[in-house]
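Visitor: Quick one: this structure, given as structure tokens, is what I'll be asking you about.
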Amino acid sequence: MRYLLGRLRHLTVVLFLVTFLTFLLVNVLPGDIAYDIAGLDASEEEVQQIREDLGLNRPFLIRYFEWLGGVLTGDWGQSFRTGEKVADAILRAFPVSLELVIIAQIFAVLLAVPFGIMSALRPNGNLDRVVAVASFLCLSVPAFLMAIILIYVFGLWLEWLPVTGYERLADGVWANLRTFILPALSFATAEWTVLLRVLRADMIGVLQEDYISMARAKGVPTARILWVHAMRPSSFSFITLLGIQVGNLIGGSIIIESIFALPGVGRLLIGAIYARDFMVIQGCVTFIALAYVVINFTVDLCYALLDPRVRAARAAA
Amino acid sequence: MASAAENLPEKRAVGDENLEAQEAARRRRRYGIWFWLSVGWLIVLATVAITADILPLSPHDEMDFTELETAPWRSETHPLGTDLQGRDILSRIIHGARVSLVVGLVAPSIGMFFGLAIGLLAGYYRGRVESLITIGLDTILALPGLVVLLLTSVVFGGSLTVVSVSLGLLLIPAFARVSRANTLNFAQREFVVAAKGMGARDIRIILREVLPNVFLPVLAYALVVVAFAIVVEGALSFLGLSVPSPTPSWGGMIAEGRENLAISPHVSFIPATVMFLTVLSFNLVGDTLRSRLADVRESAV
């Protein structure tokens, strides 16, 4: 418990620093927002007036704490471009990114688990070597490259899947899922290698334990041994890694969302960066950092809860 | 009986066994063909990138309107074909290699230089120093890296220097972690305790006892980071936020080829293949060196 409170404190400090650094960086952006809003032939006084209205003339720290206060009460500011509230924009974009991340992880797990188990059954066997080579190759292909390859193969050459665009769930479940397949695969082809490595290593260790030999001696069929007895202890690192990857992807989806024109947080952010819309930038980065921190903390929490050894160690202490 | 006699081991001189053992050890120590192929590719790439200006290539920014979007190996003056604006792909790839290799080598160097130092301090001194350092590192890690790079590109303008420096700064926590893990390992060993007992000052211990041991694993890790840096630079130039337009870059070429992907895929796929082979080579070499250099005890960390 004390460990978790310590982590919480640590993560809160990190969160504050992140928002402060972002505010700093965003406010160094050249190109005064006021000029952009006023338009090309506005007079000096109009620009100054706009600066006054937006409060851009006040000292930096005051603006930071005001913004922070707003965030804590739910007011994340307004977009300079569209006038939409930042909080609304993020809430609109987040489910899209979340769906992308979840589907990507599902694909990664579907690839990693069977191959991981089979590799662990016969380490350094033929299958293991082939899988190792395949995973090394997949690891060396960056996500955006994989996206281009997938677009070419499945979108343009075979014409099986749509290349860009997004359909809302309301317009049909399959139509919605179709638009996520290629983007999710672009992520999954790199993610599954990491999951595989961890699962294989853990499972090889577990399969050498005495209780597994005992089960085999009793005549328990291999499939049952794998699923019932070996899977759970092997999955700790796997699950924590899964959680961490989800946290990382929320921020990493920028390029993929741009390529496939998915209206998620990443695309919102990059549009704001190009347009110098610093309220949206600030809001998005804060949100991404928040998601990262929350997910990491949840992973720590789950790890402490799930692993009986950790619980026992602390109970004994 | 006959079968028993056949089962006796052949008589061998002692010297032969020795030779066989040496042979076996040499075979284990060899690096394998894929390793050397990767090294070869990287050497070729580096050489070609450095000598790009004196090579007999078509100029990379000359637009040849008579041969737009030529496929590879169909033209005499353009061995790898041309892109959508008639520019020679081969020379663009070679000039793009300069960009990628510069970023790929400078950024991890910056990260390694500072990360090594910070990790050494954190791992050696522990306590409050370590807590403060860890908070700082976690902050940088919590920042979405690509976002920071995009912001700095927009704020300070895209250029080789900006990208290399900002990426280098973002890589510091990764190096610091590896450095700290290795330092923790070595700082408790007997030779450090002995040095302390002899009255050596901390700085001397760190530099002469701990650093030489920590440096090699961190260097091996650095090679994998180089691959990562090349990928990141590719992503940035794909978004148009790395070096500005006239200078070719692999990511930029891939992005440009997207327009006519169905008709002329080679415009995207040739730079894509080159990037893939380069990243693969760095990964292979780095991974092999890392597993060679790793101490068995370190896998516990």
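Letters A, B, ... mark the chains of the structure tokens in the order given; residue numbers begin at 1 per chain; ligand numbers begin at 1, in order shown.
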Pull out every residue of chain B that has at least one atom within 10 Å of chain A, counting only C-alpha atoms, and report them as a ChimeraX atom specification.
Guide: /B:131,134-148,150-152,154-156,227-228,230-232,234-236,238-239,251,254-255,257-258,261-263,265,268-269,272-273,275-284
Visitor: Considering only C-alpha atoms, return as a PDB file with N, CA and C atoms, in the first residue's frame whatever protein or nucleic-acid residues lie within 8 Å of stretch 111-126 of chain B, sequence-local ones (same chain, fewer than 4 positions apart) excluded.
Guide:
```pdb
ATOM      1  N   ALA B 107      22.264  11.905 -32.735  1.00  0.00           N
ATOM      2  CA  ALA B 107      21.285  11.887 -31.641  1.00  0.00           C
ATOM      3  C   ALA B 107      21.628  10.852 -30.564  1.00  0.00           C
ATOM      4  N   GLU B 130      19.466   9.876  -6.601  1.00  0.00           N
ATOM      5  CA  GLU B 130      18.816   8.928  -7.507  1.00  0.00           C
ATOM      6  C   GLU B 130      17.331   9.240  -7.644  1.00  0.00           C
ATOM      7  N   SER B 131      16.660   9.582  -6.540  1.00  0.00           N
ATOM      8  CA  SER B 131      15.225   9.875  -6.626  1.00  0.00           C
ATOM      9  C   SER B 131      14.962  11.059  -7.529  1.00  0.00           C
ATOM     10  N   ILE B 133      16.847  12.268  -9.879  1.00  0.00           N
ATOM     11  CA  ILE B 133      17.149  11.926 -11.272  1.00  0.00           C
ATOM     12  C   ILE B 133      16.036  11.081 -11.864  1.00  0.00           C
ATOM     13  N   GLY B 168      18.226  13.747 -29.557  1.00  0.00           N
ATOM     14  CA  GLY B 168      19.272  13.354 -28.632  1.00  0.00           C
ATOM     15  C   GLY B 168      18.862  13.579 -27.191  1.00  0.00           C
ATOM     16  N   LEU B 169      18.247  14.751 -26.938  1.00  0.00           N
ATOM     17  CA  LEU B 169      17.814  15.034 -25.577  1.00  0.00           C
ATOM     18  C   LEU B 169      16.743  14.042 -25.124  1.00  0.00           C
ATOM     19  N   LEU B 170      15.851  13.682 -26.055  1.00  0.00           N
ATOM     20  CA  LEU B 170      14.792  12.754 -25.685  1.00  0.00           C
ATOM     21  C   LEU B 170      15.318  11.343 -25.431  1.00  0.00           C
ATOM     22  N   LEU B 171      16.504  11.041 -25.980  1.00  0.00           N
ATOM     23  CA  LEU B 171      17.049   9.692 -25.805  1.00  0.00           C
ATOM     24  C   LEU B 171      17.799   9.540 -24.490  1.00  0.00           C
ATOM     25  N   ILE B 172      18.069  10.674 -23.827  1.00  0.00           N
ATOM     26  CA  ILE B 172      18.866  10.605 -22.600  1.00  0.00           C
ATOM     27  C   ILE B 172      18.273   9.651 -21.567  1.00  0.00           C
ATOM     28  N   PRO B 173      16.957   9.684 -21.282  1.00  0.00           N
ATOM     29  CA  PRO B 173      16.436   8.776 -20.248  1.00  0.00           C
ATOM     30  C   PRO B 173      16.679   7.309 -20.563  1.00  0.00           C
ATOM     31  N   ALA B 174      16.540   6.923 -21.838  1.00  0.00           N
ATOM     32  CA  ALA B 174      16.738   5.513 -22.173  1.00  0.00           C
ATOM     33  C   ALA B 174      18.161   5.078 -21.838  1.00  0.00           C
ATOM     34  N   PHE B 175      19.134   5.917 -22.247  1.00  0.00           N
ATOM     35  CA  PHE B 175      20.521   5.591 -21.944  1.00  0.00           C
ATOM     36  C   PHE B 175      20.784   5.636 -20.455  1.00  0.00           C
ATOM     37  N   ALA B 176      20.165   6.620 -19.784  1.00  0.00           N
ATOM     38  CA  ALA B 176      20.398   6.751 -18.349  1.00  0.00           C
ATOM     39  C   ALA B 176      19.932   5.490 -17.634  1.00  0.00           C
ATOM     40  N   ARG B 177      18.815   4.938 -18.100  1.00  0.00           N
ATOM     41  CA  ARG B 177      18.300   3.728 -17.455  1.00  0.00           C
ATOM     42  C   ARG B 177      19.282   2.573 -17.576  1.00  0.00           C
ATOM     43  N   VAL B 178      19.751   2.347 -18.797  1.00  0.00           N
ATOM     44  CA  VAL B 178      20.680   1.235 -19.015  1.00  0.00           C
ATOM     45  C   VAL B 178      21.962   1.468 -18.229  1.00  0.00           C
ATOM     46  N   SER B 179      22.437   2.722 -18.281  1.00  0.00           N
ATOM     47  CA  SER B 179      23.662   3.055 -17.569  1.00  0.00           C
ATOM     48  C   SER B 179      23.487   2.817 -16.078  1.00  0.00           C
ATOM     49  N   ARG B 180      22.334   3.275 -15.544  1.00  0.00           N
ATOM     50  CA  ARG B 180      22.097   3.114 -14.111  1.00  0.00           C
ATOM     51  C   ARG B 180      22.020   1.645 -13.732  1.00  0.00           C
ATOM     52  N   ALA B 181      21.327   0.848 -14.531  1.00  0.00           N
ATOM     53  CA  ALA B 181      21.203  -0.578 -14.230  1.00  0.00           C
ATOM     54  C   ALA B 181      22.575  -1.233 -14.170  1.00  0.00           C
ATOM     55  N   THR B 183      25.434   0.325 -13.695  1.00  0.00           N
ATOM     56  CA  THR B 183      26.213   0.896 -12.601  1.00  0.00           C
ATOM     57  C   THR B 183      25.857   0.236 -11.282  1.00  0.00           C
ATOM     58  N   LEU B 184      24.555   0.028 -11.075  1.00  0.00           N
ATOM     59  CA  LEU B 184      24.123  -0.631  -9.850  1.00  0.00           C
ATOM     60  C   LEU B 184      24.814  -1.981  -9.707  1.00  0.00           C
ATOM     61  N   ALA B 187      28.763  -1.248  -9.126  1.00  0.00           N
ATOM     62  CA  ALA B 187      29.206  -0.411  -8.003  1.00  0.00           C
ATOM     63  C   ALA B 187      29.309  -1.201  -6.708  1.00  0.00           C
ATOM     64  N   ILE B 206      34.482   6.334  -9.959  1.00  0.00           N
ATOM     65  CA  ILE B 206      33.497   6.313 -11.034  1.00  0.00           C
ATOM     66  C   ILE B 206      34.195   6.238 -12.374  1.00  0.00           C
ATOM     67  N   LEU B 211      33.108   3.196 -14.818  1.00  0.00           N
ATOM     68  CA  LEU B 211      32.834   3.592 -16.205  1.00  0.00           C
ATOM     69  C   LEU B 211      33.318   2.606 -17.254  1.00  0.00           C
ATOM     70  N   PHE B 215      30.560   1.087 -19.819  1.00  0.00           N
ATOM     71  CA  PHE B 215      30.580   1.664 -21.164  1.00  0.00           C
ATOM     72  C   PHE B 215      30.236   0.667 -22.254  1.00  0.00           C
ATOM     73  N   VAL B 218      26.510  -0.287 -22.639  1.00  0.00           N
ATOM     74  CA  VAL B 218      25.773   0.886 -23.104  1.00  0.00           C
ATOM     75  C   VAL B 218      26.058   1.131 -24.574  1.00  0.00           C
ATOM     76  N   ALA B 222      23.562   1.240 -27.681  1.00  0.00           N
ATOM     77  CA  ALA B 222      23.493   2.431 -28.529  1.00  0.00           C
ATOM     78  C   ALA B 222      23.228   2.064 -29.981  1.00  0.00           C
TER      79      ALA B 222
END
```
Visitor: Name the residues of stretch 153-226 of chain A that fall into helix (DSSP H, G or I) according to DSSP on the backbone, using the chain letters and numbers of this document, as a PyMOL selection string.
Guide: chain A and resi 153-157+169-171+173-207+210-218+222-226
Visitor: Just the number, please: distance in Å from atom CA of B:Trp41 to atom CA of B:Gly252, one decimal.
Guide: 22.0 Å
